[in-house]
Amino acid sequence: DTEVTQTPKHLVMGMTNKKSLKCEQHMGHRAMYWYKQKAKKPPELMFVYSYEKLSINESVPSRFSPECPNSSLLNLHLHALQPEDSALYLCASSRGLADTDTQYFGPGTRLTVL
Amino acid sequence: GDSVTQMEGPVTLSEEAFLTINCTYTATGYPSLFWYVQYPGEGLQLLLKATKADDKGSNKGFEATYRKETTSFHLEKGSVQVSDSAVYFCALKGNAGKSTFGDGTTLTVKP
């Protein structure tokens with residue numbers, strides 16, 4: 001089983017709202033990732049977690065706040081977003097951080113900020 | 001830093017035509033190389049991978065060979081189907097978990 005699940009599938013929020021995206025995997029992977037993908041563009045890395053600790057933050061604005069409560073779960077908390085933050089948010093996981101460790105992606109959450 | 005350059009699209013082929021999507025890379029060290037496919041409204045699916053020079057990755061009729069001498073990882077398929085219509089991303093992954101993606105190539109296969 002190579003499944004990464006993400007909820008919700010779609011989310012519409014106003015600029016003053018607080019919402020969260022959820023990602024889950026049960027493959028025993030110890031690395032998890034958040035990516036942002038705009039239309040017709042490649043995914044852009046936002047955060048990397050390894051063994052539940054933040055390993056990489058790609059200078060993401062503080063209105064995005066990641067959380068890794070356990071090895072299977074990754075959240076992305078959203079607050080005071082801007083319309084330009086509208087995008088597909090992809091979660092991925094891999095066994096570890098080595099170059100040979102394949103990333104498996106979830107289906108994404110389509111976020112619209114009004 | 002690392003970079004991946006993909007053949008510009010879009011690419012339009014007739015069913016059963018031969019497909020090549022070019023991918024070249026620049027990297028420090030010895031990354032692993034991947035091809036991902038993305039269907040409309042979905043996430044990225046791993047298509048194939050190669051982890052060292054001269055490795056050939058293959059899956060569902062697609063193939064790509066890791067060529068260190070030309071820093072390339074071109075994707076090929078002998079006979080495309082309408083169901084292969086999607087966006088294809090070439091990517092490299094170094095240690096520390098960072099992946100670098102190409103800009104993507106949109107493939108449309110017509111019956």
# chains A, B, ... in the order shown; residues from 1 in each chain; ligands from 1
>>> residues_around(residues="B:Asn95", least_positions_apart="4", cutoff="12 Å", atoms="only C-alpha atoms", output="list in words")
Gly96, Leu97, Ala98, Asp99, Thr100, Asp101 and Thr102 of chain A; Asp2, Ala27, Thr28, Gly29, Tyr30, Pro31, Ser32, Thr51, Ser99 and Thr100 of chain B
>>> write_last_selection(atoms="C-alpha atoms", output="PDB file, in the first residue's frame")
ATOM      1  CA  GLY A  96      13.602   8.647   4.895  1.00  0.00           C
ATOM      2  CA  LEU A  97      15.497  11.622   3.512  1.00  0.00           C
ATOM      3  CA  ALA A  98      17.995   9.663   1.379  1.00  0.00           C
ATOM      4  CA  ASP A  99      18.037  10.367  -2.339  1.00  0.00           C
ATOM      5  CA  THR A 100      16.940   6.786  -3.030  1.00  0.00           C
ATOM      6  CA  ASP A 101      13.824   7.121  -0.857  1.00  0.00           C
ATOM      7  CA  THR A 102      10.890   7.651  -3.200  1.00  0.00           C
TER       8      THR A 102
ATOM      9  CA  ASP B   2      20.324  21.655  -8.508  1.00  0.00           C
ATOM     10  CA  ALA B  27      23.282  18.480  -9.608  1.00  0.00           C
ATOM     11  CA  THR B  28      26.005  18.281  -7.024  1.00  0.00           C
ATOM     12  CA  GLY B  29      26.678  14.728  -5.956  1.00  0.00           C
ATOM     13  CA  TYR B  30      24.784  11.724  -7.266  1.00  0.00           C
ATOM     14  CA  PRO B  31      21.032  12.244  -7.074  1.00  0.00           C
ATOM     15  CA  SER B  32      18.268   9.774  -7.802  1.00  0.00           C
ATOM     16  CA  THR B  51      19.064   5.621  -8.444  1.00  0.00           C
ATOM     17  CA  SER B  99      13.521  17.329  -4.663  1.00  0.00           C
ATOM     18  CA  THR B 100      13.909  19.545  -7.701  1.00  0.00           C
TER      19      THR B 100
END
>>> interface_residues(of="chain A", to="chain B", cutoff="12 Å", atoms="only C-alpha atoms", output="mmCIF file with N, CA and C atoms, in the first residue's frame")
data_model
loop_
_atom_site.group_PDB
_atom_site.id
_atom_site.type_symbol
_atom_site.label_atom_id
_atom_site.label_comp_id
_atom_site.auth_asym_id
_atom_site.auth_seq_id
_atom_site.Cartn_x
_atom_site.Cartn_y
_atom_site.Cartn_z
ATOM 1 N N THR A 2 0.719 2.099 -1.014
ATOM 2 C CA THR A 2 1.521 3.306 -1.112
ATOM 3 C C THR A 2 0.619 4.528 -1.059
ATOM 4 N N GLU A 3 -0.376 4.511 -0.195
ATOM 5 C CA GLU A 3 -1.366 5.570 -0.202
ATOM 6 C C GLU A 3 -1.082 6.647 0.838
ATOM 7 N N VAL A 4 -1.161 7.876 0.355
ATOM 8 C CA VAL A 4 -1.145 9.051 1.217
ATOM 9 C C VAL A 4 -2.516 9.714 1.057
ATOM 10 N N THR A 5 -3.190 9.944 2.168
ATOM 11 C CA THR A 5 -4.525 10.556 2.093
ATOM 12 C C THR A 5 -4.468 11.998 2.575
ATOM 13 N N GLN A 6 -5.311 12.829 1.971
ATOM 14 C CA GLN A 6 -5.377 14.232 2.346
ATOM 15 C C GLN A 6 -6.832 14.649 2.485
ATOM 16 N N LYS A 9 -10.656 17.601 0.385
ATOM 17 C CA LYS A 9 -10.289 17.603 -1.024
ATOM 18 C C LYS A 9 -10.323 19.026 -1.585
ATOM 19 N N HIS A 10 -11.325 19.783 -1.141
ATOM 20 C CA HIS A 10 -11.465 21.180 -1.549
ATOM 21 C C HIS A 10 -11.691 22.026 -0.301
ATOM 22 N N ARG A 30 9.083 7.875 7.662
ATOM 23 C CA ARG A 30 9.507 8.792 8.707
ATOM 24 C C ARG A 30 9.771 10.202 8.200
ATOM 25 N N ALA A 31 9.585 10.429 6.909
ATOM 26 C CA ALA A 31 9.729 11.768 6.346
ATOM 27 C C ALA A 31 8.420 12.165 5.691
ATOM 28 N N MET A 32 7.993 13.394 5.945
ATOM 29 C CA MET A 32 6.764 13.903 5.346
ATOM 30 C C MET A 32 6.998 15.321 4.875
ATOM 31 N N TYR A 33 6.235 15.710 3.822
ATOM 32 C CA TYR A 33 6.504 16.948 3.100
ATOM 33 C C TYR A 33 5.197 17.688 2.792
ATOM 34 N N TRP A 34 5.281 19.007 2.756
ATOM 35 C CA TRP A 34 4.222 19.832 2.175
ATOM 36 C C TRP A 34 4.778 20.562 0.954
ATOM 37 N N TYR A 35 3.976 20.520 -0.128
ATOM 38 C CA TYR A 35 4.285 21.245 -1.352
ATOM 39 C C TYR A 35 3.097 22.128 -1.713
ATOM 40 N N LYS A 36 3.398 23.212 -2.423
ATOM 41 C CA LYS A 36 2.374 24.076 -2.998
ATOM 42 C C LYS A 36 2.518 24.009 -4.515
ATOM 43 N N GLN A 37 1.396 23.826 -5.216
ATOM 44 C CA GLN A 37 1.454 23.769 -6.665
ATOM 45 C C GLN A 37 0.436 24.726 -7.279
ATOM 46 N N LYS A 38 0.921 25.686 -8.031
ATOM 47 C CA LYS A 38 0.056 26.584 -8.795
ATOM 48 C C LYS A 38 -0.223 25.933 -10.153
ATOM 49 N N ALA A 39 -1.295 26.413 -10.789
ATOM 50 C CA ALA A 39 -1.727 25.825 -12.061
ATOM 51 C C ALA A 39 -0.605 25.876 -13.102
ATOM 52 N N LYS A 40 -0.401 24.759 -13.755
ATOM 53 C CA LYS A 40 0.563 24.613 -14.842
ATOM 54 C C LYS A 40 2.009 24.859 -14.398
ATOM 55 N N LYS A 41 2.272 24.632 -13.113
ATOM 56 C CA LYS A 41 3.618 24.789 -12.566
ATOM 57 C C LYS A 41 4.018 23.519 -11.826
ATOM 58 N N PRO A 42 5.315 23.332 -11.586
ATOM 59 C CA PRO A 42 5.728 22.177 -10.778
ATOM 60 C C PRO A 42 5.470 22.436 -9.297
ATOM 61 N N PRO A 43 5.470 21.388 -8.494
ATOM 62 C CA PRO A 43 5.316 21.576 -7.045
ATOM 63 C C PRO A 43 6.502 22.350 -6.472
ATOM 64 N N GLU A 44 6.202 23.205 -5.491
ATOM 65 C CA GLU A 44 7.249 23.943 -4.776
ATOM 66 C C GLU A 44 7.301 23.447 -3.335
ATOM 67 N N LEU A 45 8.472 23.062 -2.901
ATOM 68 C CA LEU A 45 8.621 22.547 -1.540
ATOM 69 C C LEU A 45 8.367 23.654 -0.523
ATOM 70 N N MET A 46 7.587 23.301 0.524
ATOM 71 C CA MET A 46 7.350 24.253 1.620
ATOM 72 C C MET A 46 8.080 23.784 2.879
ATOM 73 N N PHE A 47 7.771 22.569 3.322
ATOM 74 C CA PHE A 47 8.301 22.047 4.590
ATOM 75 C C PHE A 47 8.673 20.575 4.435
ATOM 76 N N VAL A 48 9.696 20.169 5.216
ATOM 77 C CA VAL A 48 10.065 18.763 5.327
ATOM 78 C C VAL A 48 10.159 18.411 6.806
ATOM 79 N N TYR A 49 9.526 17.302 7.171
ATOM 80 C CA TYR A 49 9.644 16.755 8.517
ATOM 81 C C TYR A 49 10.357 15.411 8.451
ATOM 82 N N SER A 50 11.253 15.204 9.408
ATOM 83 C CA SER A 50 11.927 13.919 9.537
ATOM 84 C C SER A 50 11.842 13.475 10.983
ATOM 85 N N LEU A 54 10.865 19.273 12.365
ATOM 86 C CA LEU A 54 10.978 20.090 11.168
ATOM 87 C C LEU A 54 12.433 20.106 10.703
ATOM 88 N N SER A 55 12.632 19.685 9.467
ATOM 89 C CA SER A 55 13.972 19.579 8.906
ATOM 90 C C SER A 55 14.267 20.719 7.934
ATOM 91 N N ILE A 56 13.274 21.081 7.142
ATOM 92 C CA ILE A 56 13.444 22.139 6.153
ATOM 93 C C ILE A 56 12.202 23.038 6.167
ATOM 94 N N ASN A 57 12.433 24.343 6.201
ATOM 95 C CA ASN A 57 11.396 25.353 5.996
ATOM 96 C C ASN A 57 11.912 26.247 4.880
ATOM 97 N N GLU A 58 11.248 26.204 3.738
ATOM 98 C CA GLU A 58 11.719 26.950 2.581
ATOM 99 C C GLU A 58 11.258 28.404 2.620
ATOM 100 N N ALA A 87 -4.136 27.570 -4.327
ATOM 101 C CA ALA A 87 -3.278 26.608 -5.033
ATOM 102 C C ALA A 87 -3.709 25.202 -4.648
ATOM 103 N N LEU A 88 -3.047 24.225 -5.227
ATOM 104 C CA LEU A 88 -3.178 22.820 -4.820
ATOM 105 C C LEU A 88 -2.066 22.539 -3.813
ATOM 106 N N TYR A 89 -2.448 22.065 -2.629
ATOM 107 C CA TYR A 89 -1.447 21.755 -1.597
ATOM 108 C C TYR A 89 -1.290 20.240 -1.538
ATOM 109 N N LEU A 90 -0.082 19.819 -1.793
ATOM 110 C CA LEU A 90 0.239 18.396 -1.876
ATOM 111 C C LEU A 90 1.065 17.969 -0.674
ATOM 112 N N CYS A 91 0.702 16.836 -0.135
ATOM 113 C CA CYS A 91 1.481 16.192 0.921
ATOM 114 C C CYS A 91 2.200 15.002 0.294
ATOM 115 N N ALA A 92 3.370 14.694 0.801
ATOM 116 C CA ALA A 92 4.103 13.517 0.338
ATOM 117 C C ALA A 92 4.799 12.873 1.529
ATOM 118 N N SER A 93 5.150 11.604 1.378
ATOM 119 C CA SER A 93 5.933 10.936 2.404
ATOM 120 C C SER A 93 6.971 10.052 1.740
ATOM 121 N N SER A 94 8.035 9.750 2.502
ATOM 122 C CA SER A 94 9.060 8.820 2.025
ATOM 123 C C SER A 94 9.649 8.092 3.214
ATOM 124 N N ARG A 95 10.303 6.977 2.947
ATOM 125 C CA ARG A 95 10.843 6.169 4.035
ATOM 126 C C ARG A 95 11.807 6.996 4.875
ATOM 127 N N GLY A 96 12.647 7.777 4.209
ATOM 128 C CA GLY A 96 13.602 8.647 4.895
ATOM 129 C C GLY A 96 13.977 9.782 3.983
ATOM 130 N N LEU A 97 15.076 10.457 4.293
ATOM 131 C CA LEU A 97 15.497 11.622 3.512
ATOM 132 C C LEU A 97 16.547 11.275 2.459
ATOM 133 N N ALA A 98 16.965 10.033 2.358
ATOM 134 C CA ALA A 98 17.995 9.663 1.379
ATOM 135 C C ALA A 98 17.482 9.890 -0.035
ATOM 136 N N ASP A 99 18.427 10.104 -0.951
ATOM 137 C CA ASP A 99 18.037 10.367 -2.339
ATOM 138 C C ASP A 99 17.305 9.174 -2.954
ATOM 139 N N THR A 100 17.582 7.983 -2.475
ATOM 140 C CA THR A 100 16.940 6.786 -3.030
ATOM 141 C C THR A 100 15.541 6.545 -2.471
ATOM 142 N N ASP A 101 15.137 7.312 -1.475
ATOM 143 C CA ASP A 101 13.824 7.121 -0.857
ATOM 144 C C ASP A 101 12.756 7.850 -1.667
ATOM 145 N N THR A 102 11.919 7.090 -2.326
ATOM 146 C CA THR A 102 10.890 7.651 -3.200
ATOM 147 C C THR A 102 9.845 8.411 -2.410
ATOM 148 N N GLN A 103 9.444 9.566 -2.944
ATOM 149 C CA GLN A 103 8.334 10.310 -2.361
ATOM 150 C C GLN A 103 7.028 9.830 -2.976
ATOM 151 N N TYR A 104 6.042 9.586 -2.122
ATOM 152 C CA TYR A 104 4.703 9.225 -2.566
ATOM 153 C C TYR A 104 3.775 10.369 -2.217
ATOM 154 N N PHE A 105 3.017 10.803 -3.216
ATOM 155 C CA PHE A 105 2.188 11.989 -3.065
ATOM 156 C C PHE A 105 0.728 11.636 -2.803
ATOM 157 N N GLY A 106 0.067 12.490 -2.032
ATOM 158 C CA GLY A 106 -1.369 12.420 -1.872
ATOM 159 C C GLY A 106 -2.067 13.123 -3.027
ATOM 160 N N PRO A 107 -3.416 13.065 -3.044
ATOM 161 C CA PRO A 107 -4.176 13.664 -4.137
ATOM 162 C C PRO A 107 -4.266 15.180 -4.055
ATOM 163 N N GLY A 108 -3.926 15.754 -2.899
ATOM 164 C CA GLY A 108 -3.925 17.203 -2.782
ATOM 165 C C GLY A 108 -5.207 17.775 -2.210
ATOM 166 N N THR A 109 -5.095 18.987 -1.682
ATOM 167 C CA THR A 109 -6.238 19.799 -1.273
ATOM 168 C C THR A 109 -6.232 21.047 -2.145
ATOM 169 N N ARG A 110 -7.354 21.271 -2.831
ATOM 170 C CA ARG A 110 -7.492 22.458 -3.684
ATOM 171 C C ARG A 110 -7.999 23.592 -2.805
#
>>> select_by_dssp(residues="stretch 11-41 of chain B", states="strand (DSSP E or B)", output="VMD selection string")
chain B and resid 11 to 14 19 to 21 23 to 26 32 to 38
>>> residues_around(residues="A:Leu81", least_positions_apart="6", cutoff="9 Å", atoms="only C-alpha atoms", output="JSON, numbers by chain")
{"A": [13, 14, 15, 16, 17, 18, 63, 64, 113]}
>>> atom_distance(atom1="atom CA of A:Pro69", atom2="atom CA of A:Pro8")
18.1 Å
>>> atom_distance(atom1="atom CA of A:Ala80", atom2="atom CA of A:Lys53")
24.6 Å
>>> atom_distance(atom1="atom CA of B:Thr12", atom2="atom CA of B:Leu107")
5.9 Å
